[in-house]
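Undergrad: One file is attached below, input28.txt, containing compact mmCIF, C-alpha atoms (C1' of nucleotides).
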# COMPACT_ATOMS: atom_id res chain seq x y z
CA MET O 20 28.04 -112.30 39.99
CA ASP O 21 29.52 -112.92 43.38
CA LYS O 22 32.35 -115.37 43.72
CA GLU O 23 31.29 -118.80 42.63
CA ASN O 24 31.45 -121.46 45.31
CA GLY O 25 35.03 -122.55 45.52
CA ASN O 26 34.42 -126.24 45.98
CA GLY O 27 32.72 -128.33 43.38
CA SER O 28 29.57 -128.36 45.48
CA CYS O 29 26.56 -126.35 44.61
CA CYS O 30 23.29 -127.46 46.16
CA ARG O 31 22.90 -125.15 49.11
CA GLN O 32 19.31 -125.81 50.05
CA GLU O 33 18.74 -122.16 50.88
CA GLU O 34 19.72 -121.01 47.43
CA THR O 35 18.47 -123.83 45.32
CA HIS O 36 17.26 -122.65 42.00
CA CYS O 37 15.55 -125.87 41.12
CA PRO O 38 11.84 -125.35 40.50
CA VAL O 39 10.79 -128.68 41.97
CA GLU O 40 12.96 -128.36 45.05
CA ALA O 41 11.83 -124.78 45.44
CA THR O 42 8.26 -126.01 45.45
CA ILE O 43 9.06 -128.64 48.02
CA GLY O 44 10.83 -126.01 50.05
CA LEU O 45 7.75 -123.83 50.03
CA ILE O 46 5.08 -126.40 50.79
CA GLY O 47 7.07 -129.32 52.19
CA GLY O 48 7.37 -127.89 55.68
CA LYS O 49 5.47 -129.54 58.47
CA TYR O 50 1.71 -128.88 58.25
CA LYS O 51 2.20 -126.40 55.41
CA SER O 52 0.22 -128.30 52.83
CA LEU O 53 -2.55 -128.81 55.35
CA ILE O 54 -2.56 -125.13 56.25
CA LEU O 55 -2.74 -124.14 52.61
CA TRP O 56 -5.53 -126.62 51.99
CA LYS O 57 -7.51 -125.23 54.89
CA LEU O 58 -6.99 -121.65 53.83
CA ALA O 59 -8.06 -122.58 50.32
CA GLY O 60 -11.47 -122.96 51.90
CA GLY O 61 -11.41 -119.37 53.05
CA THR O 62 -9.91 -116.99 55.57
CA LEU O 63 -9.28 -118.40 59.04
CA ARG O 64 -8.29 -117.02 62.39
CA PHE O 65 -5.32 -118.39 64.28
CA SER O 66 -7.51 -120.24 66.74
CA GLN O 67 -9.49 -121.80 63.93
CA LEU O 68 -6.33 -122.98 62.23
CA LYS O 69 -5.19 -124.41 65.53
CA ARG O 70 -8.35 -126.45 65.64
CA GLU O 71 -8.13 -127.52 62.01
CA VAL O 72 -4.48 -128.44 62.30
CA SER O 73 -4.77 -129.80 65.80
CA CYS O 74 -1.58 -131.79 65.55
CA ALA O 75 0.51 -128.64 65.35
CA THR O 76 1.60 -126.91 68.53
CA PRO O 77 1.04 -123.14 68.57
CA LYS O 78 4.75 -122.69 68.20
CA MET O 79 4.94 -124.81 65.07
CA LEU O 80 1.80 -123.32 63.62
CA THR O 81 3.11 -119.81 64.09
CA GLN O 82 6.43 -120.75 62.61
CA GLN O 83 4.96 -122.35 59.52
CA LEU O 84 2.54 -119.47 59.04
CA ARG O 85 5.36 -116.97 59.20
CA GLU O 86 7.31 -118.87 56.60
CA LEU O 87 4.32 -119.11 54.31
CA GLU O 88 3.82 -115.39 54.76
CA ALA O 89 7.46 -114.60 54.04
CA ASP O 90 7.22 -116.68 50.88
CA GLY O 91 4.21 -114.73 49.72
CA LEU O 92 1.71 -117.57 49.90
CA ILE O 93 -0.48 -116.18 52.64
CA VAL O 94 -1.30 -112.85 54.23
CA ARG O 95 -1.54 -112.16 57.93
CA GLU O 96 -3.92 -109.46 58.97
CA VAL O 97 -3.86 -108.14 62.50
CA PHE O 98 -6.93 -106.43 63.91
CA PRO O 99 -6.10 -104.07 66.75
CA VAL O 100 -8.94 -105.18 68.97
CA VAL O 101 -9.34 -106.78 72.36
CA PRO O 102 -9.14 -109.68 72.51
CA PRO O 103 -6.59 -109.91 69.70
CA LYS O 104 -7.74 -111.11 66.31
CA VAL O 105 -5.51 -112.29 63.50
CA GLU O 106 -6.73 -113.58 60.19
CA TYR O 107 -4.88 -115.63 57.64
CA SER O 108 -5.77 -116.02 54.00
CA LEU O 109 -4.20 -117.07 50.73
CA THR O 110 -2.65 -114.55 48.39
CA ASP O 111 -3.32 -114.86 44.69
CA PHE O 112 0.00 -116.58 44.46
CA GLY O 113 -1.03 -118.92 47.24
CA GLN O 114 -4.24 -119.69 45.40
CA SER O 115 -2.24 -120.57 42.32
CA ILE O 116 -0.76 -123.62 44.00
CA ARG O 117 -4.07 -125.41 44.24
CA PRO O 118 -3.60 -127.41 41.04
CA VAL O 119 -0.26 -128.64 42.33
CA LEU O 120 -1.74 -129.70 45.65
CA GLU O 121 -4.54 -131.43 43.80
CA ALA O 122 -2.12 -133.31 41.57
CA MET O 123 -0.28 -134.41 44.69
CA TYR O 124 -3.56 -135.33 46.32
CA ASP O 125 -4.62 -137.51 43.43
CA TRP O 126 -1.29 -139.27 43.10
CA GLY O 127 -0.98 -139.69 46.85
CA SER O 128 -4.44 -141.20 47.01
CA GLY O 129 -3.34 -143.80 44.51
CA TYR O 130 -0.31 -144.56 46.61
CA LEU O 131 -2.37 -144.97 49.76
CA ALA O 132 -4.84 -147.21 47.98
CA ARG O 133 -1.90 -149.23 46.68
CA GLN O 134 -0.81 -149.67 50.28
CA GLY O 135 -4.26 -150.72 51.32
CA LEU O 136 -4.71 -147.55 53.32
CA ALA O 137 -7.70 -145.30 53.33
CA ALA O 138 -7.16 -141.59 52.91
CA ASN O 139 -8.44 -140.40 56.24
CA CYS O 140 -7.28 -136.90 56.89
CA SER O 141 -8.89 -133.56 57.18
CA MET O 142 -7.74 -132.47 53.78
CA THR O 143 -10.89 -133.13 51.87
CA PRO O 144 -13.02 -130.02 52.31
CA LEU O 145 -16.06 -132.22 52.41
CA SER O 146 -14.98 -134.81 54.93
CA ARG O 147 -15.21 -134.42 58.65
CA GLU O 148 -11.83 -133.32 59.92
CA ARG O 149 -9.75 -136.03 61.49
CA CYS O 150 -6.31 -134.41 61.20
CA MET J 17 -7.99 -152.24 64.69
CA ASP J 18 -5.33 -151.73 67.30
CA LYS J 19 -5.93 -149.41 70.18
CA GLU J 20 -6.57 -145.91 69.01
CA ASN J 21 -4.12 -143.31 70.20
CA GLY J 22 -5.13 -142.34 73.68
CA ASN J 23 -4.51 -138.65 73.43
CA GLY J 24 -6.44 -136.45 71.10
CA SER J 25 -3.48 -136.26 68.79
CA CYS J 26 -3.37 -138.06 65.51
CA CYS J 27 -0.79 -136.86 63.03
CA ARG J 28 2.02 -139.33 63.42
CA GLN J 29 4.05 -138.52 60.36
CA GLU J 30 4.90 -142.17 59.83
CA GLU J 31 1.28 -143.15 59.63
CA THR J 32 -0.18 -140.15 57.97
CA HIS J 33 -3.00 -141.06 55.71
CA CYS J 34 -3.15 -137.72 54.04
CA PRO J 35 -2.58 -138.03 50.29
CA VAL J 36 -0.69 -134.78 49.95
CA GLU J 37 1.52 -135.40 52.95
CA ALA J 38 2.06 -138.94 51.78
CA THR J 39 3.26 -137.56 48.47
CA ILE J 40 5.58 -135.14 50.20
CA GLY J 41 6.83 -137.97 52.35
CA LEU J 42 7.68 -140.00 49.27
CA ILE J 43 9.36 -137.37 47.14
CA GLY J 44 10.20 -134.65 49.65
CA GLY J 45 13.35 -136.29 50.93
CA LYS J 46 16.64 -134.71 50.12
CA TYR J 47 17.61 -135.21 46.45
CA LYS J 48 14.64 -137.52 45.87
CA SER J 49 12.91 -135.37 43.30
CA LEU J 50 16.19 -134.88 41.51
CA ILE J 51 16.88 -138.61 41.55
CA LEU J 52 13.44 -139.36 40.17
CA TRP J 53 13.84 -136.72 37.51
CA LYS J 54 17.15 -138.17 36.44
CA LEU J 55 15.83 -141.70 36.36
CA ALA J 56 12.88 -140.51 34.31
CA GLY J 57 15.47 -140.07 31.59
CA GLY J 58 16.38 -143.74 31.75
CA THR J 59 18.19 -146.34 33.82
CA LEU J 60 21.33 -145.19 35.57
CA ARG J 61 24.14 -146.83 37.49
CA PHE J 62 25.07 -145.73 40.97
CA SER J 63 28.18 -143.94 39.77
CA GLN J 64 26.19 -142.11 37.14
CA LEU J 65 23.65 -140.97 39.70
CA LYS J 66 26.49 -139.81 41.88
CA ARG J 67 27.69 -137.63 39.05
CA GLU J 68 24.22 -136.36 38.20
CA VAL J 69 23.40 -135.63 41.81
CA SER J 70 26.87 -134.48 42.70
CA CYS J 71 25.71 -132.62 45.77
CA ALA J 72 24.72 -135.85 47.52
CA THR J 73 27.30 -137.82 49.43
CA PRO J 74 27.35 -141.56 48.66
CA LYS J 75 25.79 -142.14 52.04
CA MET J 76 22.87 -139.84 51.37
CA LEU J 77 22.43 -141.09 47.85
CA THR J 78 22.30 -144.69 49.00
CA GLN J 79 19.88 -143.81 51.75
CA GLN J 80 17.50 -141.95 49.49
CA LEU J 81 17.67 -144.68 46.87
CA ARG J 82 16.84 -147.32 49.43
CA GLU J 83 13.84 -145.36 50.59
CA LEU J 84 12.61 -144.81 47.07
CA GLU J 85 13.02 -148.52 46.49
CA ALA J 86 11.16 -149.44 49.68
CA ASP J 87 8.34 -147.16 48.59
CA GLY J 88 8.10 -148.89 45.25
CA LEU J 89 9.19 -145.95 43.13
CA ILE J 90 12.40 -147.40 41.80
CA VAL J 91 14.02 -150.78 41.30
CA ARG J 92 17.57 -151.70 42.19
CA GLU J 93 19.15 -154.35 40.05
CA VAL J 94 22.44 -155.89 41.12
CA PHE J 95 24.65 -157.55 38.53
CA PRO J 96 27.01 -160.11 40.06
CA VAL J 97 30.04 -159.04 38.10
CA VAL J 98 33.46 -157.65 38.83
CA PRO J 99 33.67 -154.77 39.24
CA PRO J 100 30.24 -154.48 40.84
CA LYS J 101 27.41 -153.03 38.80
CA VAL J 102 24.10 -151.79 40.13
CA GLU J 103 21.39 -150.21 38.05
CA TYR J 104 18.50 -148.07 39.15
CA SER J 105 15.34 -147.39 37.22
CA LEU J 106 11.79 -146.23 37.75
CA THR J 107 8.98 -148.66 38.33
CA ASP J 108 5.70 -148.08 36.55
CA PHE J 109 4.52 -146.51 39.75
CA GLY J 110 7.59 -144.30 39.77
CA GLN J 111 6.87 -143.27 36.20
CA SER J 112 3.38 -142.29 37.22
CA ILE J 113 4.63 -139.42 39.32
CA ARG J 114 6.00 -137.49 36.39
CA PRO J 115 2.90 -135.33 35.96
CA VAL J 116 3.13 -134.34 39.60
CA LEU J 117 6.78 -133.41 39.30
CA GLU J 118 6.01 -131.44 36.18
CA ALA J 119 3.22 -129.55 37.90
CA MET J 120 5.65 -128.73 40.70
CA TYR J 121 8.27 -127.76 38.16
CA ASP J 122 5.96 -125.35 36.40
CA TRP J 123 4.68 -123.73 39.55
CA GLY J 124 8.17 -123.57 41.05
CA SER J 125 9.47 -121.91 37.92
CA GLY J 126 6.87 -119.22 38.36
CA TYR J 127 7.95 -118.74 41.93
CA LEU J 128 11.61 -118.42 40.99
CA ALA J 129 10.80 -115.96 38.24
CA ARG J 130 8.72 -114.02 40.74
CA GLN J 131 11.80 -113.85 42.94
CA GLY J 132 13.94 -112.71 40.06
CA LEU J 133 15.83 -115.97 40.06
CA ALA J 134 16.70 -118.07 37.07
CA ALA J 135 15.96 -121.76 37.21
CA ASN J 136 19.46 -123.09 36.95
CA CYS J 137 19.54 -126.67 38.03
CA SER J 138 20.15 -129.96 36.38
CA MET J 139 16.53 -130.87 36.31
CA THR J 140 15.74 -129.94 32.78
CA PRO J 141 16.67 -132.96 30.70
CA LEU J 142 17.87 -130.65 27.98
CA SER J 143 19.98 -128.23 29.96
CA ARG J 144 23.58 -128.84 30.90
CA GLU J 145 23.67 -130.14 34.41
CA ARG J 146 24.60 -127.64 37.06
CA CYS J 147 23.18 -129.37 40.09
C1' DC W 6 -6.79 -114.61 71.75
C1' DA W 7 -2.46 -115.04 69.68
C1' DG W 8 1.32 -115.61 70.40
C1' DC W 9 6.65 -115.76 72.53
C1' DA W 10 10.58 -117.72 75.42
C1' DT W 11 13.13 -121.41 77.08
C1' DC W 12 14.80 -125.92 77.56
C1' DC W 13 15.64 -130.32 75.80
C1' DA W 14 15.23 -134.90 73.10
C1' DA W 15 15.43 -136.71 68.65
C1' DT W 16 16.50 -136.61 63.99
C1' DT W 17 19.34 -135.24 60.10
C1' DA W 18 23.14 -134.88 57.27
C1' DG W 19 28.09 -133.86 56.42
C1' DA W 20 32.94 -135.43 56.72
C1' DT W 21 35.98 -139.09 56.85
C1' DA W 22 37.79 -143.62 56.61
C1' DC W 23 37.28 -148.27 55.21
C1' DT W 24 35.69 -152.76 52.28
C1' DG W 25 34.28 -156.92 49.17
C1' DC X 3 32.45 -149.93 41.61
C1' DA X 4 29.16 -149.57 45.06
C1' DG X 5 28.72 -149.05 48.83
C1' DT X 6 29.24 -149.36 54.71
C1' DA X 7 30.67 -147.61 59.39
C1' DT X 8 31.53 -144.14 62.66
C1' DC X 9 31.56 -139.73 64.64
C1' DT X 10 29.84 -135.29 65.09
C1' DA X 11 27.70 -130.50 64.10
C1' DA X 12 23.49 -128.64 63.13
C1' DT X 13 18.67 -128.55 62.77
C1' DT X 14 14.06 -129.88 64.07
C1' DG X 15 10.25 -130.11 66.88
C1' DG X 16 7.85 -131.20 71.28
C1' DA X 17 6.70 -129.76 76.09
C1' DT X 18 5.95 -126.23 79.20
C1' DG X 19 5.16 -121.79 81.15
C1' DC X 20 4.29 -116.96 80.47
C1' DT X 21 2.22 -112.34 78.38
C1' DG X 22 -0.05 -108.00 76.22
What is this file in structure tokens?
TA:
Amino acid sequence: MDKENGNGSCCRQEETHCPVEATIGLIGGKYKSLILWKLAGGTLRFSQLKREVSCATPKMLTQQLRELEADGLIVREVFPVVPPKVEYSLTDFGQSIRPVLEAMYDWGSGYLARQGLAANCSMTPLSRERC
Amino acid sequence: MDKENGNGSCCRQEETHCPVEATIGLIGGKYKSLILWKLAGGTLRFSQLKREVSCATPKMLTQQLRELEADGLIVREVFPVVPPKVEYSLTDFGQSIRPVLEAMYDWGSGYLARQGLAANCSMTPLSRERC
DNA sequence: CAGCATCCAATTAGATACTG
DNA sequence: CAGTATCTAATTGGATGCTG
């Protein structure tokens, strides 16, 4: 084991070994849960994701997608054609987070209702997207 | 209804009506999940929380606690004694998030294992705290 | 189409010192 | 004991323009 941190501190976010915080780290990023939710509905191209997650700038979208890819939640497939075509889809591991997202969805719905707010976002696969 | 946002945009984080993002907004803050987890074990005083969540500075701890309180997840009870005594505990609503945290815990554990990392944090009520 | 580069404003969080 | 106040370093994210 490398030298233990000298000070009494410990919680470096980058090396957190807490399951819950790790989960938040993976899906808590801006638009990440929405991206995952969308991809749960099937493979999407970058331009489609941009439309589905219209609040995200291309820069942010790219950034979040790269992080999700690095974390093994999604795959990025580049087709060497003109014009360029890039497809994103969930890995098996990415698929496995659905129950967690659904638990969060259910609990969050209760919270919104408690606040007198309607859940109006594009996250329900059945609803018209509103973002 | 007040004037709809003029631009095509919509996703103001502060007014997101997405259940999943609302959930992340409530428990995604720094140390929040850890605080909730600790309080799930029973009422704690500020000084006890500071010890349990040793990575958080008093400032951050106070800030996160106030937010959790404002969101109705915890209650802050002040005892007018000397020296001061303040107790924090979960509301019923706060208790209701346990299943969500546990789903995140389980999935996050799988992720850590997948990365070859051991889950060594103070989140398991039974393990010795390591923060 | 699928981005990357650059600049910049706003937010975040740590350290430190102080208080009723 | 349970915070608050202040300052500052670092990070985040939006806007804009450009490219293979």
Undergrad: Check every residue of chain O for an atom within 7 Å of chain J, counting only C-alpha atoms, and provide those that qualify as an mmCIF file with C-alpha atoms, in the frame of the given file.
TA:
data_model
loop_
_atom_site.group_PDB
_atom_site.id
_atom_site.type_symbol
_atom_site.label_atom_id
_atom_site.label_comp_id
_atom_site.auth_asym_id
_atom_site.auth_seq_id
_atom_site.Cartn_x
_atom_site.Cartn_y
_atom_site.Cartn_z
ATOM 1 C CA SER O 28 29.570 -128.360 45.480
ATOM 2 C CA CYS O 29 26.560 -126.350 44.610
ATOM 3 C CA CYS O 30 23.290 -127.460 46.160
ATOM 4 C CA HIS O 36 17.260 -122.650 42.000
ATOM 5 C CA CYS O 37 15.550 -125.870 41.120
ATOM 6 C CA PRO O 38 11.840 -125.350 40.500
ATOM 7 C CA VAL O 39 10.790 -128.680 41.970
ATOM 8 C CA ALA O 41 11.830 -124.780 45.440
ATOM 9 C CA THR O 42 8.260 -126.010 45.450
ATOM 10 C CA ILE O 43 9.060 -128.640 48.020
ATOM 11 C CA GLY O 47 7.070 -129.320 52.190
ATOM 12 C CA CYS O 74 -1.580 -131.790 65.550
ATOM 13 C CA VAL O 119 -0.260 -128.640 42.330
ATOM 14 C CA LEU O 120 -1.740 -129.700 45.650
ATOM 15 C CA ALA O 122 -2.120 -133.310 41.570
ATOM 16 C CA MET O 123 -0.280 -134.410 44.690
ATOM 17 C CA TYR O 124 -3.560 -135.330 46.320
ATOM 18 C CA GLY O 127 -0.980 -139.690 46.850
ATOM 19 C CA SER O 128 -4.440 -141.200 47.010
ATOM 20 C CA LEU O 131 -2.370 -144.970 49.760
ATOM 21 C CA ALA O 137 -7.700 -145.300 53.330
ATOM 22 C CA ALA O 138 -7.160 -141.590 52.910
ATOM 23 C CA ASN O 139 -8.440 -140.400 56.240
ATOM 24 C CA CYS O 140 -7.280 -136.900 56.890
ATOM 25 C CA MET O 142 -7.740 -132.470 53.780
ATOM 26 C CA CYS O 150 -6.310 -134.410 61.200
#
Undergrad: Should the cut-off be 8 Å, what would the residue list for chain O against chain W look like, counting all atoms listed in the file, as a PyMOL selection string?
TA: chain O and resi 65-66+77+81+102-105
Undergrad: Could you tell me how far atom CA of Gln111 of chain J lies from atom CA of Arg61 of chain J, in Å and to one decimal?
TA: 17.7 Å
Undergrad: Enumerate as an NGL selection string the residues belonging to chain X that approach chain J to within 12 Å, with all atoms listed in the file taken into account.
TA: :X and (3-7)
Undergrad: For the atom pair atom CA of Leu84 of chain O and atom C1' of DG19 of chain X, what is the interatomic distance in Å to one decimal place?
TA: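 Going from atom CA of Leu84 of chain O over to atom C1' of DG19 of chain X covers 22.4 Å.
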Undergrad: Matching every Cα in sequence order between the two identical chains, what are the coordinates of chain J once fitted onto chain O? Write them as a compact mmCIF listing (two decimals) with C-alpha atoms, in the coordinates of the input.
TA:
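Everything below was put into superposed.txt:
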# COMPACT_ATOMS: atom_id res chain seq x y z
CA MET J 17 27.87 -111.97 40.68
CA ASP J 18 29.49 -112.76 43.98
CA LYS J 19 32.29 -115.24 44.15
CA GLU J 20 31.21 -118.62 42.96
CA ASN J 21 31.45 -121.40 45.49
CA GLY J 22 35.02 -122.55 45.55
CA ASN J 23 34.41 -126.24 45.83
CA GLY J 24 32.69 -128.20 43.14
CA SER J 25 29.57 -128.37 45.22
CA CYS J 26 26.51 -126.36 44.42
CA CYS J 27 23.29 -127.51 46.02
CA ARG J 28 22.90 -125.20 48.97
CA GLN J 29 19.32 -125.89 49.89
CA GLU J 30 18.73 -122.26 50.76
CA GLU J 31 19.72 -121.11 47.33
CA THR J 32 18.46 -123.92 45.24
CA HIS J 33 17.24 -122.74 41.92
CA CYS J 34 15.55 -125.95 41.05
CA PRO J 35 11.82 -125.42 40.45
CA VAL J 36 10.75 -128.72 41.93
CA GLU J 37 12.94 -128.40 45.00
CA ALA J 38 11.83 -124.82 45.37
CA THR J 39 8.25 -126.03 45.40
CA ILE J 40 9.04 -128.66 47.98
CA GLY J 41 10.83 -126.04 50.01
CA LEU J 42 7.74 -123.85 49.99
CA ILE J 43 5.07 -126.40 50.76
CA GLY J 44 7.05 -129.32 52.16
CA GLY J 45 7.36 -127.91 55.65
CA LYS J 46 5.48 -129.57 58.42
CA TYR J 47 1.72 -128.88 58.24
CA LYS J 48 2.22 -126.40 55.39
CA SER J 49 0.22 -128.30 52.81
CA LEU J 50 -2.53 -128.82 55.34
CA ILE J 51 -2.53 -125.13 56.24
CA LEU J 52 -2.72 -124.14 52.60
CA TRP J 53 -5.50 -126.62 51.99
CA LYS J 54 -7.48 -125.25 54.89
CA LEU J 55 -6.97 -121.66 53.83
CA ALA J 56 -8.05 -122.58 50.32
CA GLY J 57 -11.46 -122.96 51.91
CA GLY J 58 -11.42 -119.35 53.05
CA THR J 59 -9.89 -116.98 55.57
CA LEU J 60 -9.27 -118.38 59.02
CA ARG J 61 -8.25 -116.99 62.39
CA PHE J 62 -5.30 -118.36 64.28
CA SER J 63 -7.50 -120.21 66.74
CA GLN J 64 -9.46 -121.77 63.93
CA LEU J 65 -6.29 -122.96 62.24
CA LYS J 66 -5.17 -124.39 65.54
CA ARG J 67 -8.33 -126.43 65.66
CA GLU J 68 -8.11 -127.48 62.02
CA VAL J 69 -4.47 -128.41 62.32
CA SER J 70 -4.77 -129.77 65.81
CA CYS J 71 -1.58 -131.78 65.55
CA ALA J 72 0.54 -128.63 65.36
CA THR J 73 1.64 -126.90 68.52
CA PRO J 74 1.08 -123.13 68.56
CA LYS J 75 4.80 -122.70 68.17
CA MET J 76 4.97 -124.82 65.04
CA LEU J 77 1.83 -123.32 63.61
CA THR J 78 3.14 -119.80 64.07
CA GLN J 79 6.46 -120.76 62.57
CA GLN J 80 4.97 -122.35 59.50
CA LEU J 81 2.57 -119.47 59.02
CA ARG J 82 5.38 -116.97 59.19
CA GLU J 83 7.33 -118.87 56.58
CA LEU J 84 4.35 -119.13 54.29
CA GLU J 85 3.85 -115.41 54.73
CA ALA J 86 7.50 -114.62 54.01
CA ASP J 87 7.24 -116.69 50.86
CA GLY J 88 4.23 -114.74 49.70
CA LEU J 89 1.74 -117.58 49.90
CA ILE J 90 -0.46 -116.19 52.62
CA VAL J 91 -1.28 -112.86 54.22
CA ARG J 92 -1.50 -112.16 57.92
CA GLU J 93 -3.89 -109.44 58.92
CA VAL J 94 -3.84 -108.13 62.47
CA PHE J 95 -6.90 -106.40 63.87
CA PRO J 96 -6.07 -104.05 66.74
CA VAL J 97 -8.93 -105.13 68.94
CA VAL J 98 -9.37 -106.71 72.32
CA PRO J 99 -9.19 -109.62 72.47
CA PRO J 100 -6.61 -109.86 69.69
CA LYS J 101 -7.73 -111.05 66.28
CA VAL J 102 -5.49 -112.22 63.48
CA GLU J 103 -6.70 -113.54 60.16
CA TYR J 104 -4.85 -115.62 57.63
CA SER J 105 -5.73 -116.03 53.99
CA LEU J 106 -4.17 -117.06 50.71
CA THR J 107 -2.62 -114.55 48.38
CA ASP J 108 -3.31 -114.87 44.68
CA PHE J 109 0.02 -116.59 44.45
CA GLY J 110 -1.03 -118.93 47.23
CA GLN J 111 -4.24 -119.69 45.38
CA SER J 112 -2.23 -120.58 42.32
CA ILE J 113 -0.77 -123.63 43.98
CA ARG J 114 -4.07 -125.42 44.25
CA PRO J 115 -3.61 -127.41 41.04
CA VAL J 116 -0.28 -128.65 42.32
CA LEU J 117 -1.75 -129.72 45.63
CA GLU J 118 -4.57 -131.44 43.81
CA ALA J 119 -2.16 -133.32 41.58
CA MET J 120 -0.30 -134.43 44.70
CA TYR J 121 -3.58 -135.34 46.34
CA ASP J 122 -4.64 -137.53 43.45
CA TRP J 123 -1.33 -139.29 43.11
CA GLY J 124 -1.01 -139.70 46.88
CA SER J 125 -4.47 -141.21 47.04
CA GLY J 126 -3.37 -143.81 44.54
CA TYR J 127 -0.34 -144.57 46.64
CA LEU J 128 -2.39 -144.99 49.80
CA ALA J 129 -4.87 -147.22 48.02
CA ARG J 130 -1.94 -149.23 46.70
CA GLN J 131 -0.83 -149.68 50.30
CA GLY J 132 -4.28 -150.72 51.36
CA LEU J 133 -4.72 -147.56 53.36
CA ALA J 134 -7.72 -145.30 53.39
CA ALA J 135 -7.18 -141.60 52.96
CA ASN J 136 -8.46 -140.42 56.29
CA CYS J 137 -7.28 -136.92 56.92
CA SER J 138 -8.88 -133.56 57.20
CA MET J 139 -7.77 -132.49 53.80
CA THR J 140 -10.91 -133.15 51.90
CA PRO J 141 -13.03 -130.04 52.32
CA LEU J 142 -16.10 -132.22 52.47
CA SER J 143 -15.00 -134.85 54.94
CA ARG J 144 -15.20 -134.47 58.68
CA GLU J 145 -11.84 -133.41 59.94
CA ARG J 146 -9.74 -136.12 61.48
CA CYS J 147 -6.34 -134.53 61.18
Undergrad: Between atom C1' of DC9 of chain X and atom CA of Gln64 of chain J, what is the spacing in Å?
TA: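 Taking atom CA of Gln64 of chain J and atom C1' of DC9 of chain X, their separation equals 28.1 Å.
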Undergrad: List as a PyMOL selection string the protein and nucleic acid residues near Thr62 of chain O, meaning an atom at most 12 Å away when all atoms listed in the file are counted, but skip any in the same chain fewer than 6 places from it.
TA: chain O and resi 54-56+68+93-96+105-110+114
